[in-house]
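input24.csv (CSV, N, CA, C and O atoms)
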```
chain,number,residue,atom,x,y,z
A,5,MET,N,-152.1,-4.1,-173.0
A,5,MET,CA,-152.1,-2.7,-173.1
A,5,MET,C,-152.2,-2.1,-171.7
A,5,MET,O,-152.9,-2.6,-170.8
A,6,LEU,N,-151.4,-1.1,-171.5
A,6,LEU,CA,-151.4,-0.4,-170.2
A,6,LEU,C,-152.7,0.5,-170.2
A,6,LEU,O,-153.0,1.2,-171.2
A,7,GLN,N,-153.5,0.4,-169.1
A,7,GLN,CA,-154.7,1.2,-169.0
A,7,GLN,C,-154.6,2.1,-167.7
A,7,GLN,O,-154.4,1.5,-166.6
A,8,ILE,N,-154.8,3.4,-167.9
A,8,ILE,CA,-154.7,4.3,-166.8
A,8,ILE,C,-156.0,5.2,-166.7
A,8,ILE,O,-156.4,5.7,-167.8
A,9,ASP,N,-156.5,5.4,-165.6
A,9,ASP,CA,-157.6,6.3,-165.4
A,9,ASP,C,-157.1,7.5,-164.6
A,9,ASP,O,-156.4,7.4,-163.6
A,10,VAL,N,-157.4,8.7,-165.1
A,10,VAL,CA,-156.9,10.0,-164.5
A,10,VAL,C,-158.1,10.7,-164.0
A,10,VAL,O,-159.0,11.1,-164.7
A,11,TYR,N,-158.0,11.0,-162.7
A,11,TYR,CA,-159.0,11.8,-162.0
A,11,TYR,C,-158.3,13.0,-161.4
A,11,TYR,O,-157.2,12.9,-160.8
A,12,SER,N,-158.9,14.2,-161.4
A,12,SER,CA,-158.3,15.4,-160.8
A,12,SER,C,-156.8,15.3,-160.8
A,12,SER,O,-156.1,15.5,-161.7
A,13,SER,N,-156.2,15.1,-159.6
A,13,SER,CA,-154.8,15.0,-159.4
A,13,SER,C,-154.3,13.6,-159.1
A,13,SER,O,-153.2,13.4,-158.6
A,14,ARG,N,-155.0,12.6,-159.5
A,14,ARG,CA,-154.7,11.2,-159.2
A,14,ARG,C,-154.8,10.4,-160.5
A,14,ARG,O,-155.8,10.5,-161.2
A,15,ALA,N,-153.9,9.5,-160.7
A,15,ALA,CA,-153.9,8.5,-161.8
A,15,ALA,C,-153.9,7.1,-161.2
A,15,ALA,O,-153.1,6.8,-160.2
A,16,VAL,N,-154.7,6.2,-161.7
A,16,VAL,CA,-154.8,4.8,-161.3
A,16,VAL,C,-154.5,3.9,-162.4
A,16,VAL,O,-155.1,4.0,-163.5
A,17,ILE,N,-153.6,3.0,-162.2
A,17,ILE,CA,-153.3,2.0,-163.3
A,17,ILE,C,-154.3,0.9,-163.1
A,17,ILE,O,-154.4,0.2,-162.1
A,18,ARG,N,-155.1,0.7,-164.2
A,18,ARG,CA,-156.2,-0.3,-164.1
A,18,ARG,C,-155.7,-1.7,-164.7
A,18,ARG,O,-156.2,-2.7,-164.2
A,19,SER,N,-154.8,-1.7,-165.6
A,19,SER,CA,-154.2,-2.9,-166.1
A,19,SER,C,-152.9,-2.6,-166.7
A,19,SER,O,-152.6,-1.5,-167.2
A,20,GLN,N,-152.0,-3.6,-166.7
A,20,GLN,CA,-150.7,-3.4,-167.3
A,20,GLN,C,-150.2,-4.7,-167.9
A,20,GLN,O,-150.7,-5.7,-167.6
A,21,GLU,N,-149.2,-4.5,-168.8
A,21,GLU,CA,-148.6,-5.7,-169.4
A,21,GLU,C,-147.1,-5.5,-169.3
A,21,GLU,O,-146.6,-4.3,-169.1
A,22,PRO,N,-146.3,-6.5,-169.4
A,22,PRO,CA,-144.9,-6.3,-169.3
A,22,PRO,C,-144.4,-5.5,-170.5
A,22,PRO,O,-144.8,-5.7,-171.6
A,23,LEU,N,-143.5,-4.6,-170.2
A,23,LEU,CA,-142.8,-3.8,-171.3
A,23,LEU,C,-141.4,-4.3,-171.4
A,23,LEU,O,-140.7,-4.5,-170.3
A,24,THR,N,-140.9,-4.6,-172.6
A,24,THR,CA,-139.6,-5.2,-172.7
A,24,THR,C,-138.7,-4.3,-173.4
A,24,THR,O,-139.1,-3.4,-174.2
A,25,VAL,N,-137.4,-4.5,-173.2
A,25,VAL,CA,-136.4,-3.7,-173.9
A,25,VAL,C,-136.5,-3.8,-175.4
A,25,VAL,O,-136.7,-4.9,-175.9
A,26,GLY,N,-136.5,-2.7,-176.1
A,26,GLY,CA,-136.6,-2.7,-177.5
A,26,GLY,C,-138.0,-2.7,-178.1
A,26,GLY,O,-138.2,-2.7,-179.3
A,27,MET,N,-139.0,-2.8,-177.2
A,27,MET,CA,-140.4,-2.9,-177.7
A,27,MET,C,-140.7,-1.6,-178.4
A,27,MET,O,-140.4,-0.5,-178.1
A,28,VAL,N,-141.4,-1.8,-179.5
A,28,VAL,CA,-141.9,-0.7,-180.4
A,28,VAL,C,-143.4,-0.8,-180.6
A,28,VAL,O,-143.9,-1.9,-180.8
A,29,GLY,N,-144.1,0.3,-180.4
A,29,GLY,CA,-145.5,0.3,-180.7
A,29,GLY,C,-146.4,0.0,-179.5
A,29,GLY,O,-147.6,-0.2,-179.6
A,30,ALA,N,-145.8,-0.2,-178.3
A,30,ALA,CA,-146.6,-0.4,-177.1
A,30,ALA,C,-147.5,0.8,-176.8
A,30,ALA,O,-147.1,2.0,-177.1
A,31,LYS,N,-148.7,0.6,-176.4
A,31,LYS,CA,-149.6,1.7,-176.2
A,31,LYS,C,-150.1,1.8,-174.7
A,31,LYS,O,-150.2,0.8,-174.0
A,32,ALA,N,-150.4,3.0,-174.3
A,32,ALA,CA,-151.0,3.3,-173.1
A,32,ALA,C,-152.4,3.9,-173.4
A,32,ALA,O,-152.5,4.9,-174.1
A,33,HIS,N,-153.5,3.2,-172.9
A,33,HIS,CA,-154.8,3.8,-173.1
A,33,HIS,C,-155.1,4.5,-171.8
A,33,HIS,O,-155.0,4.0,-170.7
A,34,ILE,N,-155.6,5.8,-172.0
A,34,ILE,CA,-155.8,6.7,-170.8
A,34,ILE,C,-157.2,7.2,-170.9
A,34,ILE,O,-157.6,7.8,-171.8
A,35,HIS,N,-157.9,7.0,-169.8
A,35,HIS,CA,-159.3,7.5,-169.6
A,35,HIS,C,-159.2,8.8,-168.7
A,35,HIS,O,-158.7,8.7,-167.6
A,36,PHE,N,-159.6,9.9,-169.3
A,36,PHE,CA,-159.5,11.2,-168.6
A,36,PHE,C,-160.9,11.5,-168.1
A,36,PHE,O,-161.9,11.7,-168.8
A,37,ALA,N,-161.1,11.7,-166.7
A,37,ALA,CA,-162.3,12.2,-166.1
A,37,ALA,C,-162.3,13.7,-166.1
A,37,ALA,O,-161.3,14.3,-166.5
A,38,GLU,N,-163.4,14.3,-165.8
A,38,GLU,CA,-163.4,15.8,-165.6
A,38,GLU,C,-162.5,16.1,-164.5
A,38,GLU,O,-162.3,15.3,-163.6
A,39,PRO,N,-161.8,17.2,-164.5
A,39,PRO,CA,-161.8,18.3,-165.5
A,39,PRO,C,-160.8,18.1,-166.7
A,39,PRO,O,-160.6,19.0,-167.5
A,40,TRP,N,-160.2,17.0,-166.8
A,40,TRP,CA,-159.2,16.7,-167.8
A,40,TRP,C,-159.7,16.7,-169.3
A,40,TRP,O,-159.0,17.0,-170.2
A,41,GLN,N,-161.0,16.4,-169.4
A,41,GLN,CA,-161.5,16.2,-170.8
A,41,GLN,C,-161.4,17.4,-171.7
A,41,GLN,O,-161.2,17.3,-172.9
A,42,THR,N,-161.5,18.6,-171.2
A,42,THR,CA,-161.4,19.8,-172.0
A,42,THR,C,-160.0,20.3,-172.1
A,42,THR,O,-159.7,21.3,-172.9
A,43,LEU,N,-159.0,19.7,-171.5
A,43,LEU,CA,-157.6,20.2,-171.5
A,43,LEU,C,-156.8,19.6,-172.7
A,43,LEU,O,-157.1,18.5,-173.2
A,44,MET,N,-155.8,20.3,-173.2
A,44,MET,CA,-154.9,19.8,-174.1
A,44,MET,C,-153.9,19.0,-173.3
A,44,MET,O,-153.3,19.5,-172.3
A,45,LYS,N,-153.7,17.7,-173.6
A,45,LYS,CA,-152.9,16.8,-172.7
A,45,LYS,C,-151.6,16.4,-173.3
A,45,LYS,O,-151.5,16.1,-174.5
A,46,THR,N,-150.6,16.3,-172.4
A,46,THR,CA,-149.3,15.8,-172.8
A,46,THR,C,-148.9,14.7,-171.8
A,46,THR,O,-149.1,14.9,-170.6
A,47,VAL,N,-148.5,13.5,-172.4
A,47,VAL,CA,-148.1,12.4,-171.5
A,47,VAL,C,-146.6,12.4,-171.6
A,47,VAL,O,-146.0,12.4,-172.7
A,48,VAL,N,-145.9,12.4,-170.4
A,48,VAL,CA,-144.5,12.4,-170.3
A,48,VAL,C,-144.0,11.0,-169.9
A,48,VAL,O,-144.5,10.5,-168.8
A,49,PHE,N,-143.2,10.4,-170.6
A,49,PHE,CA,-142.6,9.0,-170.3
A,49,PHE,C,-141.1,9.2,-170.0
A,49,PHE,O,-140.4,10.0,-170.7
A,50,ARG,N,-140.7,8.5,-168.9
A,50,ARG,CA,-139.3,8.7,-168.5
A,50,ARG,C,-138.7,7.4,-168.1
A,50,ARG,O,-139.4,6.6,-167.4
A,51,GLN,N,-137.5,7.1,-168.5
A,51,GLN,CA,-136.8,6.0,-168.0
A,51,GLN,C,-135.3,6.4,-167.7
A,51,GLN,O,-134.6,6.8,-168.7
A,52,GLY,N,-134.9,6.5,-166.5
A,52,GLY,CA,-133.6,7.0,-166.2
A,52,GLY,C,-133.5,8.4,-166.6
A,52,GLY,O,-134.3,9.3,-166.2
A,53,GLU,N,-132.5,8.7,-167.4
A,53,GLU,CA,-132.2,10.1,-167.9
A,53,GLU,C,-133.0,10.5,-169.2
A,53,GLU,O,-132.9,11.6,-169.6
A,54,VAL,N,-133.7,9.5,-169.7
A,54,VAL,CA,-134.4,9.7,-171.0
A,54,VAL,C,-135.8,10.1,-170.8
A,54,VAL,O,-136.6,9.3,-170.1
A,55,THR,N,-136.2,11.2,-171.3
A,55,THR,CA,-137.6,11.7,-171.2
A,55,THR,C,-138.1,12.0,-172.6
A,55,THR,O,-137.5,12.6,-173.4
A,56,ARG,N,-139.4,11.5,-172.8
A,56,ARG,CA,-140.0,11.8,-174.1
A,56,ARG,C,-141.5,12.3,-173.8
A,56,ARG,O,-142.2,11.6,-173.0
A,57,ASP,N,-141.9,13.3,-174.5
A,57,ASP,CA,-143.2,13.8,-174.4
A,57,ASP,C,-144.1,13.4,-175.6
A,57,ASP,O,-143.6,13.4,-176.7
A,58,VAL,N,-145.3,13.0,-175.3
A,58,VAL,CA,-146.3,12.7,-176.4
A,58,VAL,C,-147.4,13.8,-176.3
A,58,VAL,O,-148.1,13.8,-175.3
A,59,LEU,N,-147.5,14.6,-177.3
A,59,LEU,CA,-148.4,15.8,-177.2
A,59,LEU,C,-149.7,15.4,-177.8
A,59,LEU,O,-149.8,14.6,-178.7
A,60,GLY,N,-150.7,16.2,-177.4
A,60,GLY,CA,-152.1,16.1,-178.0
A,60,GLY,C,-152.8,14.8,-177.7
A,60,GLY,O,-153.5,14.3,-178.6
A,61,VAL,N,-152.6,14.1,-176.6
A,61,VAL,CA,-153.2,12.8,-176.3
A,61,VAL,C,-154.6,13.0,-176.0
A,61,VAL,O,-155.1,13.9,-175.3
A,62,THR,N,-155.5,12.2,-176.6
A,62,THR,CA,-156.9,12.2,-176.4
A,62,THR,C,-157.3,10.9,-175.5
A,62,THR,O,-157.9,11.1,-174.5
A,63,SER,N,-156.9,9.8,-175.9
A,63,SER,CA,-157.2,8.6,-175.1
A,63,SER,C,-156.2,7.5,-175.3
A,63,SER,O,-156.2,6.5,-174.5
A,64,GLU,N,-155.2,7.7,-176.1
A,64,GLU,CA,-154.2,6.6,-176.3
A,64,GLU,C,-152.9,7.3,-176.7
A,64,GLU,O,-152.8,8.2,-177.4
A,65,ALA,N,-151.8,6.8,-176.1
A,65,ALA,CA,-150.4,7.3,-176.4
A,65,ALA,C,-149.5,6.1,-176.7
A,65,ALA,O,-149.5,5.1,-175.9
A,66,GLU,N,-148.7,6.2,-177.7
A,66,GLU,CA,-147.7,5.2,-178.0
A,66,GLU,C,-146.5,5.5,-177.1
A,66,GLU,O,-146.0,6.6,-177.0
A,67,ILE,N,-146.1,4.4,-176.4
A,67,ILE,CA,-145.0,4.6,-175.5
A,67,ILE,C,-143.7,4.7,-176.3
A,67,ILE,O,-143.4,3.8,-177.1
A,68,PRO,N,-142.9,5.8,-176.2
A,68,PRO,CA,-141.7,5.9,-177.0
A,68,PRO,C,-140.7,4.8,-176.8
A,68,PRO,O,-140.4,4.5,-175.6
A,69,TRP,N,-140.2,4.3,-177.9
A,69,TRP,CA,-139.2,3.2,-177.7
A,69,TRP,C,-138.0,3.6,-177.0
A,69,TRP,O,-137.3,2.8,-176.3
A,70,GLU,N,-137.7,4.9,-177.0
A,70,GLU,CA,-136.5,5.4,-176.3
A,70,GLU,C,-136.5,5.2,-174.8
A,70,GLU,O,-135.5,5.2,-174.2
A,71,VAL,N,-137.7,5.1,-174.2
A,71,VAL,CA,-137.8,4.9,-172.8
A,71,VAL,C,-137.9,3.4,-172.4
A,71,VAL,O,-138.2,3.0,-171.3
A,72,LEU,N,-137.7,2.5,-173.4
A,72,LEU,CA,-137.7,1.1,-173.2
A,72,LEU,C,-136.4,0.5,-173.6
A,72,LEU,O,-136.3,-0.6,-174.3
A,73,GLN,N,-135.3,1.1,-173.2
A,73,GLN,CA,-133.9,0.7,-173.6
A,73,GLN,C,-133.1,0.2,-172.4
A,73,GLN,O,-132.1,-0.5,-172.6
A,74,GLN,N,-133.5,0.4,-171.2
A,74,GLN,CA,-132.7,0.0,-170.0
A,74,GLN,C,-133.3,-1.1,-169.3
A,74,GLN,O,-134.3,-1.0,-168.6
A,75,PRO,N,-132.8,-2.3,-169.3
A,75,PRO,CA,-133.4,-3.5,-168.6
A,75,PRO,C,-133.4,-3.2,-167.1
A,75,PRO,O,-132.4,-2.7,-166.5
A,76,GLY,N,-134.5,-3.6,-166.5
A,76,GLY,CA,-134.7,-3.5,-165.1
A,76,GLY,C,-135.0,-2.1,-164.5
A,76,GLY,O,-135.2,-1.9,-163.3
A,77,LEU,N,-134.9,-1.1,-165.4
A,77,LEU,CA,-135.2,0.3,-164.9
A,77,LEU,C,-136.7,0.6,-165.2
A,77,LEU,O,-137.2,0.4,-166.3
A,78,PRO,N,-137.4,1.1,-164.2
A,78,PRO,CA,-138.8,1.4,-164.4
A,78,PRO,C,-139.1,2.5,-165.4
A,78,PRO,O,-138.3,3.4,-165.5
A,79,VAL,N,-140.3,2.5,-166.0
A,79,VAL,CA,-140.7,3.6,-166.8
A,79,VAL,C,-141.7,4.4,-166.0
A,79,VAL,O,-142.7,3.8,-165.4
A,80,GLN,N,-141.5,5.7,-165.9
A,80,GLN,CA,-142.4,6.6,-165.2
A,80,GLN,C,-143.2,7.3,-166.2
A,80,GLN,O,-142.8,7.6,-167.3
A,81,ILE,N,-144.5,7.6,-165.8
A,81,ILE,CA,-145.4,8.2,-166.6
A,81,ILE,C,-146.0,9.4,-165.9
A,81,ILE,O,-146.5,9.3,-164.8
A,82,GLY,N,-146.0,10.6,-166.5
A,82,GLY,CA,-146.7,11.7,-166.0
A,82,GLY,C,-147.6,12.3,-167.0
A,82,GLY,O,-147.5,12.1,-168.2
A,83,ILE,N,-148.6,13.1,-166.5
A,83,ILE,CA,-149.6,13.7,-167.4
A,83,ILE,C,-149.7,15.2,-167.1
A,83,ILE,O,-149.9,15.5,-165.9
A,84,CYS,N,-149.7,16.0,-168.1
A,84,CYS,CA,-149.8,17.5,-167.9
A,84,CYS,C,-151.0,17.9,-168.8
A,84,CYS,O,-151.3,17.4,-169.9
A,85,GLY,N,-151.8,18.9,-168.3
A,85,GLY,CA,-152.9,19.4,-169.0
A,85,GLY,C,-152.8,21.0,-169.0
A,85,GLY,O,-152.4,21.6,-168.1
A,86,MET,N,-153.3,21.5,-170.2
A,86,MET,CA,-153.3,23.0,-170.3
A,86,MET,C,-154.6,23.4,-171.0
A,86,MET,O,-155.1,22.8,-171.9
A,87,ASN,N,-155.2,24.5,-170.5
A,87,ASN,CA,-156.4,25.1,-171.1
A,87,ASN,C,-156.0,25.8,-172.4
A,87,ASN,O,-154.8,26.1,-172.6
A,88,ALA,N,-156.9,26.2,-173.2
A,88,ALA,CA,-156.7,26.8,-174.4
A,88,ALA,C,-156.0,28.2,-174.2
A,88,ALA,O,-155.2,28.6,-175.1
A,89,ASP,N,-156.2,28.8,-173.1
A,89,ASP,CA,-155.5,30.1,-172.8
A,89,ASP,C,-154.1,29.9,-172.2
A,89,ASP,O,-153.5,30.9,-171.9
A,90,GLY,N,-153.6,28.7,-172.1
A,90,GLY,CA,-152.3,28.5,-171.7
A,90,GLY,C,-152.1,28.2,-170.2
A,90,GLY,O,-151.0,28.1,-169.7
A,91,THR,N,-153.2,28.2,-169.4
A,91,THR,CA,-153.1,28.0,-168.0
A,91,THR,C,-153.2,26.5,-167.7
A,91,THR,O,-153.8,25.7,-168.4
```
Would you kindly transcribe this structure into structure tokens?
Amino acid sequence: MLQIDVYSSRAVIRSQEPLTVGMVGAKAHIHFAEPWQTLMKTVVFRQGEVTRDVLGVTSEAEIPWEVLQQPGLPVQIGICGMNADGT
């Protein structure tokens, strides 16, 4: 399982496993430190031109199979957070 710790504006990969083309059900476990804990979180996965959002993440996100289709192309991960008032 991919494990990521998120602090303020920095994310650190703590452990990772190989992701293969066509893999379904792979998970990313994400630990959110303050101030992330109170935010509504979206994890964005991207491979090449394909981008998929996973909304409402608390501590784990399933990696969309659509971003695991191009051999040799890296998967990029981004995280967005929003307060209840939309900021």
Restricting the calculation to all atoms listed in the file, which member of A:Thr55, A:Pro22, A:Val10, A:Pro68 is positioned closest to A:Gln41?
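When distances to A:Gln41 are compared using all atoms listed in the file, the smallest one comes from A:Val10.
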Can you measure atom CA of A:Arg56 to atom CA of A:Val71 for me? One decimal in Å is fine.
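Taking atom CA of A:Arg56 as the start and atom CA of A:Val71 as the end point, the length is 7.4 Å.
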Select, from A:Ile34, A:Val48, A:Ala88, A:Met27, the residue with the minimum atom-to-atom distance to A:Gln74, counting only C-alpha atoms.
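Closest candidate: A:Met27.
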Identify which of the residues A:Arg50, A:Ala65, A:Tyr11, A:Pro78 lies closest to A:Glu38, counting only N, CA, C and O atoms when measuring atom-to-atom distances.
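Closest candidate: A:Tyr11.
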DSSP says strand (DSSP E) for which residues of stretch 25-69 of chain A? Put them as a list in words?
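Secondary structure check on stretch 25-69 of chain A, strand (DSSP E): Lys31, Ala32, His33, Ile34, His35, Phe36, Met44, Lys45, Thr46, Val47, Val48, Phe49, Arg50, Gln51, Val54, Thr55, Arg56, Asp57, Val58, Leu59, Gly60, Val61, Glu64, Ala65 and Glu66 of chain A.
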All heavy atoms are needed for stretch 40-51 of chain A; please write them out as a PDB file, keeping the file's coordinate frame.
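Contents of out36.pdb, as written:
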```
ATOM      1  N   TRP A  40    -160.200  17.000-166.800  1.00  0.00           N
ATOM      2  CA  TRP A  40    -159.200  16.700-167.800  1.00  0.00           C
ATOM      3  C   TRP A  40    -159.700  16.700-169.300  1.00  0.00           C
ATOM      4  O   TRP A  40    -159.000  17.000-170.200  1.00  0.00           O
ATOM      5  CB  TRP A  40    -158.529  15.377-167.570  1.00  0.00           C
ATOM      6  CG  TRP A  40    -157.567  15.432-166.430  1.00  0.00           C
ATOM      7  CD1 TRP A  40    -157.849  15.200-165.125  1.00  0.00           C
ATOM      8  CD2 TRP A  40    -156.187  15.752-166.492  1.00  0.00           C
ATOM      9  NE1 TRP A  40    -156.720  15.346-164.360  1.00  0.00           N
ATOM     10  CE2 TRP A  40    -155.686  15.689-165.185  1.00  0.00           C
ATOM     11  CE3 TRP A  40    -155.332  16.092-167.524  1.00  0.00           C
ATOM     12  CZ2 TRP A  40    -154.355  15.948-164.891  1.00  0.00           C
ATOM     13  CZ3 TRP A  40    -154.006  16.341-167.229  1.00  0.00           C
ATOM     14  CH2 TRP A  40    -153.530  16.275-165.920  1.00  0.00           C
ATOM     15  N   GLN A  41    -161.000  16.400-169.400  1.00  0.00           N
ATOM     16  CA  GLN A  41    -161.500  16.200-170.800  1.00  0.00           C
ATOM     17  C   GLN A  41    -161.400  17.400-171.700  1.00  0.00           C
ATOM     18  O   GLN A  41    -161.200  17.300-172.900  1.00  0.00           O
ATOM     19  CB  GLN A  41    -162.973  15.724-170.725  1.00  0.00           C
ATOM     20  CG  GLN A  41    -163.040  14.323-170.146  1.00  0.00           C
ATOM     21  CD  GLN A  41    -164.451  13.822-169.979  1.00  0.00           C
ATOM     22  OE1 GLN A  41    -165.413  14.544-170.180  1.00  0.00           O
ATOM     23  NE2 GLN A  41    -164.577  12.569-169.591  1.00  0.00           N
ATOM     24  N   THR A  42    -161.500  18.600-171.200  1.00  0.00           N
ATOM     25  CA  THR A  42    -161.400  19.800-172.000  1.00  0.00           C
ATOM     26  C   THR A  42    -160.000  20.300-172.100  1.00  0.00           C
ATOM     27  O   THR A  42    -159.700  21.300-172.900  1.00  0.00           O
ATOM     28  CB  THR A  42    -162.240  20.946-171.368  1.00  0.00           C
ATOM     29  OG1 THR A  42    -161.774  21.223-170.052  1.00  0.00           O
ATOM     30  CG2 THR A  42    -163.712  20.533-171.328  1.00  0.00           C
ATOM     31  N   LEU A  43    -159.000  19.700-171.500  1.00  0.00           N
ATOM     32  CA  LEU A  43    -157.600  20.200-171.500  1.00  0.00           C
ATOM     33  C   LEU A  43    -156.800  19.600-172.700  1.00  0.00           C
ATOM     34  O   LEU A  43    -157.100  18.500-173.200  1.00  0.00           O
ATOM     35  CB  LEU A  43    -156.877  19.859-170.241  1.00  0.00           C
ATOM     36  CG  LEU A  43    -157.455  20.415-168.941  1.00  0.00           C
ATOM     37  CD1 LEU A  43    -156.659  19.905-167.754  1.00  0.00           C
ATOM     38  CD2 LEU A  43    -157.491  21.929-168.962  1.00  0.00           C
ATOM     39  N   MET A  44    -155.800  20.300-173.200  1.00  0.00           N
ATOM     40  CA  MET A  44    -154.900  19.800-174.100  1.00  0.00           C
ATOM     41  C   MET A  44    -153.900  19.000-173.300  1.00  0.00           C
ATOM     42  O   MET A  44    -153.300  19.500-172.300  1.00  0.00           O
ATOM     43  CB  MET A  44    -154.147  20.859-174.886  1.00  0.00           C
ATOM     44  CG  MET A  44    -155.087  21.633-175.788  1.00  0.00           C
ATOM     45  SD  MET A  44    -154.226  22.895-176.737  1.00  0.00           S
ATOM     46  CE  MET A  44    -153.124  21.895-177.692  1.00  0.00           C
ATOM     47  N   LYS A  45    -153.700  17.700-173.600  1.00  0.00           N
ATOM     48  CA  LYS A  45    -152.900  16.800-172.700  1.00  0.00           C
ATOM     49  C   LYS A  45    -151.600  16.400-173.300  1.00  0.00           C
ATOM     50  O   LYS A  45    -151.500  16.100-174.500  1.00  0.00           O
ATOM     51  CB  LYS A  45    -153.759  15.601-172.339  1.00  0.00           C
ATOM     52  CG  LYS A  45    -155.004  15.982-171.521  1.00  0.00           C
ATOM     53  CD  LYS A  45    -156.015  14.888-171.453  1.00  0.00           C
ATOM     54  CE  LYS A  45    -156.937  14.774-172.612  1.00  0.00           C
ATOM     55  NZ  LYS A  45    -157.865  15.857-172.860  1.00  0.00           N
ATOM     56  N   THR A  46    -150.600  16.300-172.400  1.00  0.00           N
ATOM     57  CA  THR A  46    -149.300  15.800-172.800  1.00  0.00           C
ATOM     58  C   THR A  46    -148.900  14.700-171.800  1.00  0.00           C
ATOM     59  O   THR A  46    -149.100  14.900-170.600  1.00  0.00           O
ATOM     60  CB  THR A  46    -148.185  16.897-172.703  1.00  0.00           C
ATOM     61  OG1 THR A  46    -148.522  17.954-173.603  1.00  0.00           O
ATOM     62  CG2 THR A  46    -146.808  16.358-173.024  1.00  0.00           C
ATOM     63  N   VAL A  47    -148.500  13.500-172.400  1.00  0.00           N
ATOM     64  CA  VAL A  47    -148.100  12.400-171.500  1.00  0.00           C
ATOM     65  C   VAL A  47    -146.600  12.400-171.600  1.00  0.00           C
ATOM     66  O   VAL A  47    -146.000  12.400-172.700  1.00  0.00           O
ATOM     67  CB  VAL A  47    -148.696  11.100-171.965  1.00  0.00           C
ATOM     68  CG1 VAL A  47    -148.219   9.961-171.079  1.00  0.00           C
ATOM     69  CG2 VAL A  47    -150.215  11.180-171.939  1.00  0.00           C
ATOM     70  N   VAL A  48    -145.900  12.400-170.400  1.00  0.00           N
ATOM     71  CA  VAL A  48    -144.500  12.400-170.300  1.00  0.00           C
ATOM     72  C   VAL A  48    -144.000  11.000-169.900  1.00  0.00           C
ATOM     73  O   VAL A  48    -144.500  10.500-168.800  1.00  0.00           O
ATOM     74  CB  VAL A  48    -144.013  13.434-169.300  1.00  0.00           C
ATOM     75  CG1 VAL A  48    -142.497  13.442-169.201  1.00  0.00           C
ATOM     76  CG2 VAL A  48    -144.551  14.802-169.691  1.00  0.00           C
ATOM     77  N   PHE A  49    -143.200  10.400-170.600  1.00  0.00           N
ATOM     78  CA  PHE A  49    -142.600   9.000-170.300  1.00  0.00           C
ATOM     79  C   PHE A  49    -141.100   9.200-170.000  1.00  0.00           C
ATOM     80  O   PHE A  49    -140.400  10.000-170.700  1.00  0.00           O
ATOM     81  CB  PHE A  49    -142.714   8.092-171.511  1.00  0.00           C
ATOM     82  CG  PHE A  49    -144.122   7.750-171.877  1.00  0.00           C
ATOM     83  CD1 PHE A  49    -144.816   8.492-172.817  1.00  0.00           C
ATOM     84  CD2 PHE A  49    -144.759   6.665-171.286  1.00  0.00           C
ATOM     85  CE1 PHE A  49    -146.118   8.168-173.170  1.00  0.00           C
ATOM     86  CE2 PHE A  49    -146.067   6.339-171.628  1.00  0.00           C
ATOM     87  CZ  PHE A  49    -146.741   7.095-172.571  1.00  0.00           C
ATOM     88  N   ARG A  50    -140.700   8.500-168.900  1.00  0.00           N
ATOM     89  CA  ARG A  50    -139.300   8.700-168.500  1.00  0.00           C
ATOM     90  C   ARG A  50    -138.700   7.400-168.100  1.00  0.00           C
ATOM     91  O   ARG A  50    -139.400   6.600-167.400  1.00  0.00           O
ATOM     92  CB  ARG A  50    -139.189   9.701-167.367  1.00  0.00           C
ATOM     93  CG  ARG A  50    -137.772   9.889-166.887  1.00  0.00           C
ATOM     94  CD  ARG A  50    -137.693  10.916-165.812  1.00  0.00           C
ATOM     95  NE  ARG A  50    -136.313  10.998-165.360  1.00  0.00           N
ATOM     96  CZ  ARG A  50    -135.871  11.868-164.519  1.00  0.00           C
ATOM     97  NH1 ARG A  50    -136.697  12.748-163.997  1.00  0.00           N
ATOM     98  NH2 ARG A  50    -134.623  11.869-164.162  1.00  0.00           N
ATOM     99  N   GLN A  51    -137.500   7.100-168.500  1.00  0.00           N
ATOM    100  CA  GLN A  51    -136.800   6.000-168.000  1.00  0.00           C
ATOM    101  C   GLN A  51    -135.300   6.400-167.700  1.00  0.00           C
ATOM    102  O   GLN A  51    -134.600   6.800-168.700  1.00  0.00           O
ATOM    103  CB  GLN A  51    -136.771   4.769-168.926  1.00  0.00           C
ATOM    104  CG  GLN A  51    -136.090   3.538-168.330  1.00  0.00           C
ATOM    105  CD  GLN A  51    -135.957   2.413-169.316  1.00  0.00           C
ATOM    106  OE1 GLN A  51    -135.474   2.600-170.422  1.00  0.00           O
ATOM    107  NE2 GLN A  51    -136.375   1.233-168.897  1.00  0.00           N
TER     108      GLN A  51
END
```
